[in-house]
file start_1.tsv (TSV, C-alpha atoms)
chain	number	residue	atom	x	y	z
L	381	MET	CA	-23.42	3.57	13.13
L	382	ARG	CA	-19.94	2.23	13.88
L	383	GLU	CA	-16.99	4.60	14.26
L	384	ILE	CA	-13.62	3.88	12.66
L	385	THR	CA	-10.46	5.90	12.22
L	386	TYR	CA	-9.42	7.87	9.15
L	387	ALA	CA	-6.66	5.29	8.49
L	388	GLU	CA	-9.11	2.39	8.77
L	389	ALA	CA	-11.53	4.13	6.41
L	390	LEU	CA	-8.82	4.51	3.77
L	391	LYS	CA	-7.78	0.88	4.14
L	392	GLU	CA	-11.40	-0.26	3.85
L	393	ALA	CA	-11.97	1.76	0.67
L	394	MET	CA	-8.81	0.42	-0.97
L	395	SER	CA	-9.49	-3.16	0.10
L	396	GLN	CA	-13.07	-3.08	-1.16
L	397	ARG	CA	-11.93	-1.73	-4.51
L	398	MET	CA	-9.13	-4.31	-4.79
L	399	ARG	CA	-11.61	-7.12	-4.20
L	400	GLU	CA	-13.81	-5.76	-7.00
L	401	ASP	CA	-11.09	-5.14	-9.58
L	402	GLU	CA	-7.97	-7.24	-10.00
L	403	ASN	CA	-6.30	-4.38	-11.89
L	404	VAL	CA	-6.10	-2.31	-8.70
L	405	PHE	CA	-2.82	-2.76	-6.84
L	406	MET	CA	-0.62	-0.80	-4.45
L	407	LEU	CA	3.04	0.07	-4.51
L	408	GLY	CA	5.26	1.96	-2.12
L	409	GLU	CA	7.94	1.74	0.54
L	410	ASP	CA	7.27	-0.50	3.56
L	411	ILE	CA	3.57	-0.96	2.74
L	412	GLY	CA	3.69	-4.74	3.28
L	413	ILE	CA	4.33	-6.39	6.65
L	414	TYR	CA	5.24	-3.02	8.17
L	415	GLY	CA	1.87	-1.60	7.08
L	416	GLY	CA	3.18	1.70	5.73
L	417	ALA	CA	4.72	4.61	7.61
L	418	PHE	CA	1.37	5.37	9.29
L	419	GLY	CA	-0.14	1.87	9.41
L	420	VAL	CA	-2.79	2.45	6.75
L	421	THR	CA	-2.01	-0.78	4.87
L	422	ASN	CA	-1.78	-3.02	7.94
L	423	GLY	CA	-2.86	-6.56	7.04
L	424	MET	CA	-3.36	-5.90	3.34
L	425	ILE	CA	-0.40	-7.96	2.18
L	426	GLU	CA	-1.84	-10.97	4.06
L	427	GLU	CA	-5.08	-10.66	2.07
L	428	PHE	CA	-3.81	-9.61	-1.35
L	429	GLY	CA	-0.27	-10.96	-1.45
L	430	PRO	CA	3.03	-9.39	-2.57
L	431	GLU	CA	2.00	-9.19	-6.24
L	432	ARG	CA	-0.69	-6.62	-5.44
L	433	ILE	CA	0.91	-5.02	-2.39
L	434	ARG	CA	4.24	-4.23	-3.98
L	435	ILE	CA	7.05	-3.21	-1.65
L	436	THR	CA	9.41	-0.96	-3.58
L	437	PRO	CA	12.98	0.31	-3.28
L	438	ILE	CA	13.50	3.72	-1.69
L	439	SER	CA	13.12	5.68	-4.91
L	440	GLU	CA	10.09	7.89	-5.42
L	441	ALA	CA	11.16	8.45	-9.02
L	442	ALA	CA	11.11	4.69	-9.68
L	443	ILE	CA	7.84	4.14	-7.80
L	444	SER	CA	6.02	6.89	-9.68
L	445	GLY	CA	7.47	5.80	-13.02
L	446	CYS	CA	6.23	2.25	-12.47
L	447	ALA	CA	2.80	3.55	-11.48
L	448	VAL	CA	2.44	5.76	-14.55
L	449	GLY	CA	3.56	2.98	-16.89
L	450	ALA	CA	1.25	0.44	-15.27
L	451	ALA	CA	-1.70	2.85	-15.44
L	452	MET	CA	-1.12	3.46	-19.15
L	453	MET	CA	-1.23	-0.31	-19.70
L	454	GLY	CA	-4.65	-0.69	-18.09
L	455	MET	CA	-3.81	-1.17	-14.40
L	456	ARG	CA	-5.08	1.07	-11.58
L	457	PRO	CA	-2.14	1.63	-9.24
L	458	ILE	CA	-2.40	3.26	-5.82
L	459	LEU	CA	0.96	4.81	-5.05
L	460	GLU	CA	1.92	5.60	-1.45
L	461	ILE	CA	4.68	8.11	-0.86
L	462	GLN	CA	5.71	7.95	2.80
L	463	PHE	CA	5.68	11.71	3.33
L	464	SER	CA	4.11	14.18	0.92
L	465	ASP	CA	7.37	16.17	0.92
L	466	PHE	CA	9.07	13.34	-1.01
L	467	VAL	CA	6.75	13.88	-3.97
L	468	MET	CA	9.36	16.36	-5.21
L	469	ILE	CA	11.52	13.42	-6.29
L	470	ALA	CA	8.60	12.10	-8.36
L	471	MET	CA	7.55	15.41	-9.89
L	472	ASP	CA	8.66	14.68	-13.45
L	473	ASN	CA	6.63	11.48	-13.65
L	474	ILE	CA	3.58	13.06	-12.02
L	475	VAL	CA	3.64	16.56	-13.52
L	476	ASN	CA	5.25	15.99	-16.93
L	477	GLN	CA	3.94	12.50	-17.65
L	478	ALA	CA	0.82	11.48	-15.69
L	479	ALA	CA	-0.84	14.89	-15.88
L	480	LYS	CA	-0.28	15.35	-19.61
L	481	MET	CA	-0.56	11.92	-21.24
L	482	ARG	CA	-4.32	11.90	-21.78
L	483	TYR	CA	-4.16	15.35	-23.40
L	484	MET	CA	-1.11	14.63	-25.55
L	485	PHE	CA	-2.54	11.37	-26.91
L	486	GLY	CA	-5.97	12.81	-27.64
L	487	GLY	CA	-7.67	10.72	-24.98
L	488	LYS	CA	-6.30	7.41	-26.26
L	489	ALA	CA	-3.99	7.06	-23.25
L	490	GLN	CA	-5.24	7.27	-19.69
L	491	VAL	CA	-3.35	7.34	-16.41
L	492	PRO	CA	-5.79	6.17	-13.70
L	493	THR	CA	-3.56	6.31	-10.65
L	494	VAL	CA	-3.97	7.57	-7.08
L	495	VAL	CA	-0.96	9.20	-5.41
L	496	ARG	CA	-1.42	9.03	-1.62
L	497	LEU	CA	0.46	11.77	0.23
L	498	PRO	CA	0.58	11.96	4.06
L	499	SER	CA	0.94	15.70	4.64
L	500	GLY	CA	0.89	18.49	7.17
L	501	SER	CA	2.50	19.43	10.46
L	502	GLY	CA	1.86	18.73	14.11
L	503	ALA	CA	3.60	15.39	14.51
L	504	GLY	CA	7.12	16.66	15.23
L	505	PHE	CA	8.66	15.54	11.93
L	506	ALA	CA	10.37	18.91	11.27
L	507	ALA	CA	10.94	20.94	8.13
L	508	GLN	CA	11.47	18.23	5.50
L	509	HIS	CA	8.54	15.99	6.53
L	510	SER	CA	5.74	18.41	7.52
L	511	GLN	CA	4.88	20.59	4.53
L	512	SER	CA	1.54	21.30	2.89
L	513	LEU	CA	2.23	21.61	-0.84
L	514	GLU	CA	-1.21	21.03	-2.34
L	515	ALA	CA	-1.07	24.37	-4.20
L	516	TRP	CA	1.78	22.97	-6.30
L	517	MET	CA	-0.38	20.12	-7.52
L	518	ALA	CA	-3.52	22.23	-7.95
L	519	HIS	CA	-1.55	24.44	-10.35
L	520	VAL	CA	-0.98	21.56	-12.81
L	521	PRO	CA	-3.66	20.94	-15.48
L	522	GLY	CA	-4.53	17.24	-15.65
L	523	LEU	CA	-4.19	16.49	-11.94
L	524	LEU	CA	-7.15	16.15	-9.58
L	525	VAL	CA	-6.47	17.12	-5.97
L	526	VAL	CA	-8.37	15.66	-3.01
L	527	GLN	CA	-8.12	16.69	0.68
L	528	PRO	CA	-10.53	14.80	2.97
L	529	SER	CA	-10.96	16.18	6.49
L	530	ASN	CA	-12.56	13.15	8.21
L	531	ALA	CA	-12.90	9.37	8.00
L	532	TYR	CA	-16.31	9.38	6.29
L	533	ASP	CA	-15.10	11.65	3.49
L	534	ALA	CA	-11.80	9.78	3.23
L	535	LYS	CA	-13.50	6.48	2.41
L	536	GLY	CA	-15.99	7.91	-0.07
L	537	LEU	CA	-13.43	10.05	-1.85
L	538	MET	CA	-10.84	7.26	-2.03
L	539	LYS	CA	-13.38	4.97	-3.73
L	540	THR	CA	-14.13	7.67	-6.29
L	541	ALA	CA	-10.44	8.47	-6.81
L	542	ILE	CA	-9.56	4.85	-7.60
L	543	GLU	CA	-12.38	4.64	-10.15
L	544	ASN	CA	-11.38	7.88	-11.89
L	545	ASN	CA	-9.49	7.62	-15.19
L	546	ASN	CA	-7.22	10.56	-14.36
L	547	PRO	CA	-4.31	10.90	-11.93
L	548	VAL	CA	-5.60	11.89	-8.48
L	549	ILE	CA	-3.39	13.46	-5.82
L	550	PHE	CA	-4.82	12.35	-2.48
L	551	TYR	CA	-3.67	14.36	0.55
L	552	GLU	CA	-4.05	12.67	3.96
L	553	HIS	CA	-3.22	14.76	7.01
L	554	LYS	CA	-1.00	12.86	9.43
L	555	LEU	CA	-2.85	14.11	12.52
L	556	LEU	CA	-6.15	12.81	11.15
L	557	TYR	CA	-5.15	9.13	10.82
L	558	ASN	CA	-6.33	8.26	14.33
L	559	GLU	CA	-9.40	10.51	14.33
L	560	LYS	CA	-12.70	8.59	14.32
L	561	ALA	CA	-16.01	9.27	12.59
L	562	GLU	CA	-19.16	7.37	11.70
L	563	VAL	CA	-18.46	5.41	8.52
L	564	PRO	CA	-20.86	2.90	6.89
L	565	GLU	CA	-19.52	-0.60	6.26
L	566	GLU	CA	-21.15	-0.71	2.86
L	567	GLU	CA	-19.50	0.89	-0.13
L	568	TYR	CA	-20.33	4.47	-1.11
L	569	ASN	CA	-18.80	7.16	-3.29
L	570	ILE	CA	-18.43	10.89	-2.76
L	571	PRO	CA	-18.20	12.75	-6.09
L	572	LEU	CA	-15.19	14.92	-6.76
L	573	GLY	CA	-16.02	18.61	-6.90
L	574	VAL	CA	-18.84	18.56	-4.34
L	575	ALA	CA	-18.23	20.60	-1.19
L	576	ASP	CA	-19.86	19.87	2.15
L	577	VAL	CA	-21.42	22.41	4.50
L	578	LYS	CA	-20.05	21.12	7.80
L	579	LYS	CA	-21.92	23.75	9.81
L	580	GLU	CA	-24.56	26.29	8.82
L	581	GLY	CA	-24.31	29.88	9.99
L	582	THR	CA	-25.31	33.44	9.19
L	583	ASP	CA	-22.53	35.88	10.14
L	584	LEU	CA	-19.48	34.71	8.17
L	585	THR	CA	-18.43	31.90	5.82
L	586	VAL	CA	-15.20	30.05	6.53
L	587	VAL	CA	-13.84	27.87	3.73
L	588	ALA	CA	-11.40	25.48	5.41
L	589	THR	CA	-9.34	22.61	4.04
L	590	GLY	CA	-7.80	19.49	5.57
L	591	ILE	CA	-7.23	19.57	9.30
L	592	MET	CA	-8.32	23.21	9.38
L	593	VAL	CA	-11.92	22.00	9.02
L	594	SER	CA	-12.01	20.48	12.50
L	595	ARG	CA	-10.15	23.46	13.97
L	596	THR	CA	-12.61	25.85	12.36
L	597	LEU	CA	-15.55	23.85	13.69
L	598	GLU	CA	-14.06	24.10	17.18
L	599	ALA	CA	-13.59	27.83	16.72
L	600	ALA	CA	-17.19	28.16	15.51
L	601	GLU	CA	-18.40	26.33	18.61
L	602	GLN	CA	-16.55	28.77	20.85
L	603	LEU	CA	-17.87	31.79	18.95
L	604	GLU	CA	-21.42	30.47	19.12
L	605	LYS	CA	-21.30	31.00	22.89
L	606	GLU	CA	-20.74	34.68	22.13
L	607	GLY	CA	-23.67	34.85	19.72
L	608	ILE	CA	-21.55	34.67	16.55
L	609	SER	CA	-22.83	32.26	13.87
L	610	ILE	CA	-20.22	30.79	11.51
L	611	GLU	CA	-20.87	28.74	8.38
L	612	VAL	CA	-18.10	26.20	7.68
L	613	ILE	CA	-17.53	24.93	4.13
L	614	ASP	CA	-15.22	21.99	3.42
L	615	PRO	CA	-14.40	21.86	-0.33
L	616	ARG	CA	-13.19	18.23	0.09
L	617	THR	CA	-11.57	18.50	-3.34
L	618	ILE	CA	-9.68	21.59	-4.43
L	619	VAL	CA	-9.47	20.37	-8.04
L	620	PRO	CA	-12.24	20.33	-9.09
L	621	LEU	CA	-13.50	23.07	-6.76
L	622	ASP	CA	-17.19	23.43	-5.93
L	623	THR	CA	-17.43	27.18	-6.49
L	624	GLU	CA	-21.23	27.30	-6.42
L	625	THR	CA	-21.58	26.10	-2.81
L	626	ILE	CA	-18.99	28.65	-1.67
L	627	ILE	CA	-20.56	31.52	-3.61
L	628	GLN	CA	-24.06	30.80	-2.32
L	629	SER	CA	-22.77	30.66	1.25
L	630	VAL	CA	-20.96	34.00	0.95
L	631	LYS	CA	-24.06	35.62	-0.58
L	632	LYS	CA	-25.93	34.53	2.54
L	633	THR	CA	-23.38	35.55	5.19
L	634	ASN	CA	-21.82	38.57	3.40
L	635	ARG	CA	-18.34	37.81	4.72
L	636	ALA	CA	-15.67	35.21	3.89
L	637	LEU	CA	-12.49	33.81	5.39
L	638	VAL	CA	-10.33	31.06	3.86
L	639	VAL	CA	-8.29	28.97	6.34
L	640	TYR	CA	-5.53	26.61	5.25
L	641	GLU	CA	-2.38	25.12	6.76
L	642	ALA	CA	0.03	25.81	3.91
L	643	VAL	CA	2.15	28.94	3.87
L	644	GLU	CA	-0.28	31.82	3.36
L	645	ARG	CA	1.79	33.33	0.55
L	646	GLY	CA	0.90	31.56	-2.68
L	647	GLY	CA	-1.38	29.04	-0.96
L	648	TYR	CA	-4.52	27.65	-2.56
L	649	GLY	CA	-6.62	29.80	-0.25
L	650	ALA	CA	-5.62	32.78	-2.41
L	651	GLU	CA	-7.28	31.07	-5.38
L	652	ILE	CA	-10.50	30.57	-3.42
L	653	ALA	CA	-10.42	34.17	-2.18
L	654	SER	CA	-9.88	35.42	-5.73
L	655	MET	CA	-12.72	33.26	-7.02
L	656	ILE	CA	-15.09	34.79	-4.45
L	657	GLY	CA	-13.95	38.31	-5.33
L	658	GLU	CA	-14.52	37.73	-9.06
L	659	SER	CA	-17.92	36.07	-8.62
L	660	GLU	CA	-21.44	37.40	-8.12
L	661	ALA	CA	-20.79	37.10	-4.36
L	662	PHE	CA	-18.61	40.25	-4.56
L	663	ASP	CA	-21.65	42.54	-4.53
L	664	TYR	CA	-22.85	40.91	-1.31
L	665	LEU	CA	-19.63	41.39	0.66
L	666	ASP	CA	-19.68	43.66	3.71
L	667	ALA	CA	-15.93	43.19	4.25
L	668	PRO	CA	-12.94	42.16	2.12
L	669	VAL	CA	-12.34	38.42	1.71
L	670	SER	CA	-9.59	37.37	4.15
L	671	ARG	CA	-7.07	34.54	4.32
L	672	LEU	CA	-5.48	32.78	7.27
L	673	GLY	CA	-2.59	30.49	6.42
L	674	GLY	CA	0.76	29.34	7.70
L	675	VAL	CA	3.76	31.53	8.48
L	676	ALA	CA	6.40	31.81	5.73
L	677	THR	CA	8.95	29.66	7.52
L	678	PRO	CA	10.12	26.04	7.36
L	679	ILE	CA	8.13	23.96	9.86
L	680	PRO	CA	10.11	23.94	13.14
L	681	TYR	CA	10.87	20.77	15.10
L	682	ASN	CA	10.21	22.44	18.45
L	683	PRO	CA	6.54	21.64	19.28
L	684	THR	CA	5.70	25.13	20.53
L	685	LEU	CA	7.18	26.77	17.45
L	686	GLU	CA	5.57	24.16	15.22
L	687	LYS	CA	2.12	25.11	16.52
L	688	ALA	CA	2.92	28.78	16.05
L	689	ALA	CA	3.79	28.22	12.39
L	690	VAL	CA	0.27	27.16	11.33
L	691	PRO	CA	-3.23	28.36	12.28
L	692	GLN	CA	-4.63	27.05	15.56
L	693	VAL	CA	-8.17	27.36	16.95
L	694	GLU	CA	-7.36	30.56	18.81
L	695	ASP	CA	-5.93	32.13	15.64
L	696	ILE	CA	-9.13	31.34	13.73
L	697	VAL	CA	-11.27	32.82	16.50
L	698	ALA	CA	-9.17	36.01	16.57
L	699	LYS	CA	-9.23	36.39	12.77
L	700	ILE	CA	-13.00	35.99	12.63
L	701	LYS	CA	-13.50	38.62	15.33
L	702	THR	CA	-11.24	41.01	13.40
L	703	ILE	CA	-13.33	40.58	10.24
L	704	LEU	CA	-16.61	41.03	12.09
call {"tool": "encode", "arguments": {"input": "start_1.tsv", "output": "C-alpha cells"}}
result
Amino acid sequence: MREITYAEALKEAMSQRMREDENVFMLGEDIGIYGGAFGVTNGMIEEFGPERIRITPISEAAISGCAVGAAMMGMRPILEIQFSDFVMIAMDNIVNQAAKMRYMFGGKAQVPTVVRLPSGSGAGFAAQHSQSLEAWMAHVPGLLVVQPSNAYDAKGLMKTAIENNNPVIFYEHKLLYNEKAEVPEEEYNIPLGVADVKKEGTDLTVVATGIMVSRTLEAAEQLEKEGISIEVIDPRTIVPLDTETIIQSVKKTNRALVVYEAVERGGYGAEIASMIGESEAFDYLDAPVSRLGGVATPIPYNPTLEKAAVPQVEDIVAKIKTIL
C-alpha cells in the first residue's frame, strides 16, 4: 500500500468529502494559495475555488462565528485555526453557541462543523503557540474531540468528523504532519469512540494520546528487549471515549499508565485514570493507575527545555519501570 503523510491524508479526506457534497467548504487564515500555516490545504483553492476555500481576515472570533452560522443554515464548514492556542479567541462561538445549539433548540438546529486545531510542542513555536488544551474542549458537553496519532487514522477520522451533525474539535499535532503511514486511496471511515490497540502486551497497559502514541510504541520496543511486554491503547477520540477497550486491556495486564502531552495537572489523562479506578478493572489492578503528563510550565522556546517540558521516550520507559 502507498504511504502518504499525515498532512496529505487530511487533505485527501477533506477533498474527497468536498467532491461528494457541495455544502462542505473551508474557511480560515491563509488557507488558499499559501496552503495554510502547515501546508495541509496546498492546491485545494485551485480545485475548489475561492468560494469554497474561503480566506478570512485575522479574526478567530469572526471565522468561528461565520462557521457556526453557516452550519446552522445547512452548510458543513471546516474551520482551520492556524494554531490551536488561538481557539481561545473563538471560545464563545464554539463553547456557548456551537456546543449548545442542538440541545437548546430541541434537536431542530444542528451545527455540523469541524474545527481543525494544529496543537502541541516540539516545533520551537514557544509558549503561545505550543499548548495542548484538549481537556478544555473535552469538558464541554456538546463537543466531540478527536486526536489522531497517524496518517491512516487522520484520514478516516476526518471523513467521519465532516459527516457528523455535531461540532467536532479535531486536534492535529504539528510534529505529525510530515510523518508517513500506509493509507488507502479509497474512502473509508473510522467511527468516533472506537479505540485502537496499537500493540498487544501482557505486563502493563499504556493509554496514550496524540504524539505520545508513537513515543510510547518506541518505549515499548525498547522495553521488549528487556523482556517487558507493554500493551499500547490509542483512544483516537477522547469524546466519545472507548472505555470498554481500555477496561478490558487493564483487566488483562493488571497495571495502567496514561501518557499525554498536556500539563499533567488537570489533563484529560486524569479522567481516563479515574474511569479505570471506578470501573470493574479496579479489582484487577496490582498497582495504582499512574499518569505521565507535561510539566506545569509554559512551553519554553529553548529546544532543550522544550523537550524537558513534555514526556519523551526515556521518560515513558522510566515511568513504566517504576510502576513495574
call {"tool": "residues_around", "arguments": {"input": "start_1.tsv", "residues": "Gly502 in chain L", "least_positions_apart": "3", "cutoff": "7 Å", "atoms": "all atoms listed in the file", "output": "PyMOL selection string"}}
result
chain L and resi 555+686-687
call {"tool": "axis_aligned_box", "arguments": {"input": "start_1.tsv", "around": "range 411-420 of chain L", "padding_each_side": "4 Å", "output": "lines of an AutoDock Vina configuration file"}}
result
center_x = 1.2
center_y = -0.5
center_z = 6.1
size_x = 16.0
size_y = 19.8
size_z = 14.7
call {"tool": "closest_residue", "arguments": {"input": "start_1.tsv", "among": "L:Leu497, L:Met655, L:Ala450, L:Ile696", "to": "Asn403 in chain L", "atoms": "only C-alpha atoms"}}
result
L:Ala450
call {"tool": "atom_distance", "arguments": {"input": "start_1.tsv", "atom1": "CA of Pro668 in chain L", "atom2": "CA of Trp516 in chain L"}}
result
25.6 Å
call {"tool": "residues_around", "arguments": {"input": "start_1.tsv", "residues": "Gly674 in chain L", "least_positions_apart": "5", "cutoff": "9 Å", "atoms": "only C-alpha atoms", "output": "ChimeraX atom specification"}}
result
/L:640-645,647,688-691
call {"tool": "closest_atom_pairs", "arguments": {"input": "start_1.tsv", "of": "range 415-458 of chain L", "to": "range 545-550 of chain L", "cutoff": "10 Å", "atoms": "only C-alpha atoms", "output": "CSV"}}
result
residue,atom,partner,partner_atom,distance
L:Val448,CA,L:Pro547,CA,8.9
L:Ala451,CA,L:Asn545,CA,9.1
L:Arg456,CA,L:Asn545,CA,8.7
L:Pro457,CA,L:Pro547,CA,9.9
L:Ile458,CA,L:Val548,CA,9.6
call {"tool": "closest_residue", "arguments": {"input": "start_1.tsv", "among": "L:Glu566, L:Val669, L:Glu426, L:Lys554", "to": "Leu704 in chain L", "atoms": "all atoms listed in the file"}}
result
L:Val669
call {"tool": "residues_around", "arguments": {"input": "start_1.tsv", "residues": "Ser609 in chain L", "least_positions_apart": "2", "cutoff": "6 Å", "atoms": "all atoms listed in the file", "output": "ChimeraX atom specification"}}
result
/L:581-583,604
call {"tool": "decode", "arguments": {"input": "start_1.tsv", "residues": "range 508-522 of chain L", "atoms": "N, CA, C and O atoms", "output": "PDB file, in the first residue's frame"}}
result
ATOM      1  N   GLN L 508       3.098  30.596  23.438  1.00  0.00           N
ATOM      2  CA  GLN L 508       1.755  30.966  22.982  1.00  0.00           C
ATOM      3  C   GLN L 508       1.306  30.201  21.741  1.00  0.00           C
ATOM      4  O   GLN L 508       0.197  30.422  21.251  1.00  0.00           O
ATOM      5  N   HIS L 509       2.145  29.284  21.240  1.00  0.00           N
ATOM      6  CA  HIS L 509       1.822  28.554  20.013  1.00  0.00           C
ATOM      7  C   HIS L 509       2.086  27.049  20.143  1.00  0.00           C
ATOM      8  O   HIS L 509       2.173  26.360  19.135  1.00  0.00           O
ATOM      9  N   SER L 510       2.176  26.525  21.349  1.00  0.00           N
ATOM     10  CA  SER L 510       2.641  25.139  21.520  1.00  0.00           C
ATOM     11  C   SER L 510       1.847  24.353  22.552  1.00  0.00           C
ATOM     12  O   SER L 510       2.284  23.297  22.984  1.00  0.00           O
ATOM     13  N   GLN L 511       0.669  24.837  22.930  1.00  0.00           N
ATOM     14  CA  GLN L 511      -0.054  24.217  24.036  1.00  0.00           C
ATOM     15  C   GLN L 511      -0.893  23.017  23.584  1.00  0.00           C
ATOM     16  O   GLN L 511      -1.194  22.853  22.409  1.00  0.00           O
ATOM     17  N   SER L 512      -1.269  22.218  24.565  1.00  0.00           N
ATOM     18  CA  SER L 512      -2.170  21.086  24.351  1.00  0.00           C
ATOM     19  C   SER L 512      -3.363  21.284  25.286  1.00  0.00           C
ATOM     20  O   SER L 512      -3.285  20.967  26.467  1.00  0.00           O
ATOM     21  N   LEU L 513      -4.457  21.792  24.734  1.00  0.00           N
ATOM     22  CA  LEU L 513      -5.585  22.230  25.557  1.00  0.00           C
ATOM     23  C   LEU L 513      -6.839  21.391  25.326  1.00  0.00           C
ATOM     24  O   LEU L 513      -7.952  21.852  25.551  1.00  0.00           O
ATOM     25  N   GLU L 514      -6.638  20.126  24.917  1.00  0.00           N
ATOM     26  CA  GLU L 514      -7.797  19.301  24.585  1.00  0.00           C
ATOM     27  C   GLU L 514      -8.712  19.057  25.777  1.00  0.00           C
ATOM     28  O   GLU L 514      -9.919  18.845  25.606  1.00  0.00           O
ATOM     29  N   ALA L 515      -8.171  19.103  27.007  1.00  0.00           N
ATOM     30  CA  ALA L 515      -9.016  18.887  28.186  1.00  0.00           C
ATOM     31  C   ALA L 515     -10.070  19.985  28.318  1.00  0.00           C
ATOM     32  O   ALA L 515     -11.164  19.736  28.827  1.00  0.00           O
ATOM     33  N   TRP L 516      -9.744  21.196  27.877  1.00  0.00           N
ATOM     34  CA  TRP L 516     -10.731  22.277  27.891  1.00  0.00           C
ATOM     35  C   TRP L 516     -11.957  21.880  27.077  1.00  0.00           C
ATOM     36  O   TRP L 516     -13.090  22.028  27.511  1.00  0.00           O
ATOM     37  N   MET L 517     -11.705  21.406  25.866  1.00  0.00           N
ATOM     38  CA  MET L 517     -12.797  21.079  24.959  1.00  0.00           C
ATOM     39  C   MET L 517     -13.555  19.828  25.409  1.00  0.00           C
ATOM     40  O   MET L 517     -14.779  19.748  25.287  1.00  0.00           O
ATOM     41  N   ALA L 518     -12.821  18.854  25.938  1.00  0.00           N
ATOM     42  CA  ALA L 518     -13.465  17.624  26.393  1.00  0.00           C
ATOM     43  C   ALA L 518     -14.415  17.895  27.553  1.00  0.00           C
ATOM     44  O   ALA L 518     -15.355  17.130  27.787  1.00  0.00           O
ATOM     45  N   HIS L 519     -14.213  18.974  28.266  1.00  0.00           N
ATOM     46  CA  HIS L 519     -15.050  19.327  29.416  1.00  0.00           C
ATOM     47  C   HIS L 519     -16.433  19.841  28.992  1.00  0.00           C
ATOM     48  O   HIS L 519     -17.360  19.846  29.800  1.00  0.00           O
ATOM     49  N   VAL L 520     -16.570  20.253  27.737  1.00  0.00           N
ATOM     50  CA  VAL L 520     -17.793  20.938  27.297  1.00  0.00           C
ATOM     51  C   VAL L 520     -18.788  19.954  26.694  1.00  0.00           C
ATOM     52  O   VAL L 520     -18.514  19.344  25.651  1.00  0.00           O
ATOM     53  N   PRO L 521     -19.971  19.778  27.298  1.00  0.00           N
ATOM     54  CA  PRO L 521     -20.990  18.925  26.685  1.00  0.00           C
ATOM     55  C   PRO L 521     -21.417  19.479  25.330  1.00  0.00           C
ATOM     56  O   PRO L 521     -21.608  20.694  25.176  1.00  0.00           O
ATOM     57  N   GLY L 522     -21.538  18.598  24.346  1.00  0.00           N
ATOM     58  CA  GLY L 522     -21.936  19.019  23.004  1.00  0.00           C
ATOM     59  C   GLY L 522     -20.810  19.052  22.006  1.00  0.00           C
ATOM     60  O   GLY L 522     -21.050  19.128  20.804  1.00  0.00           O
TER      61      GLY L 522
END
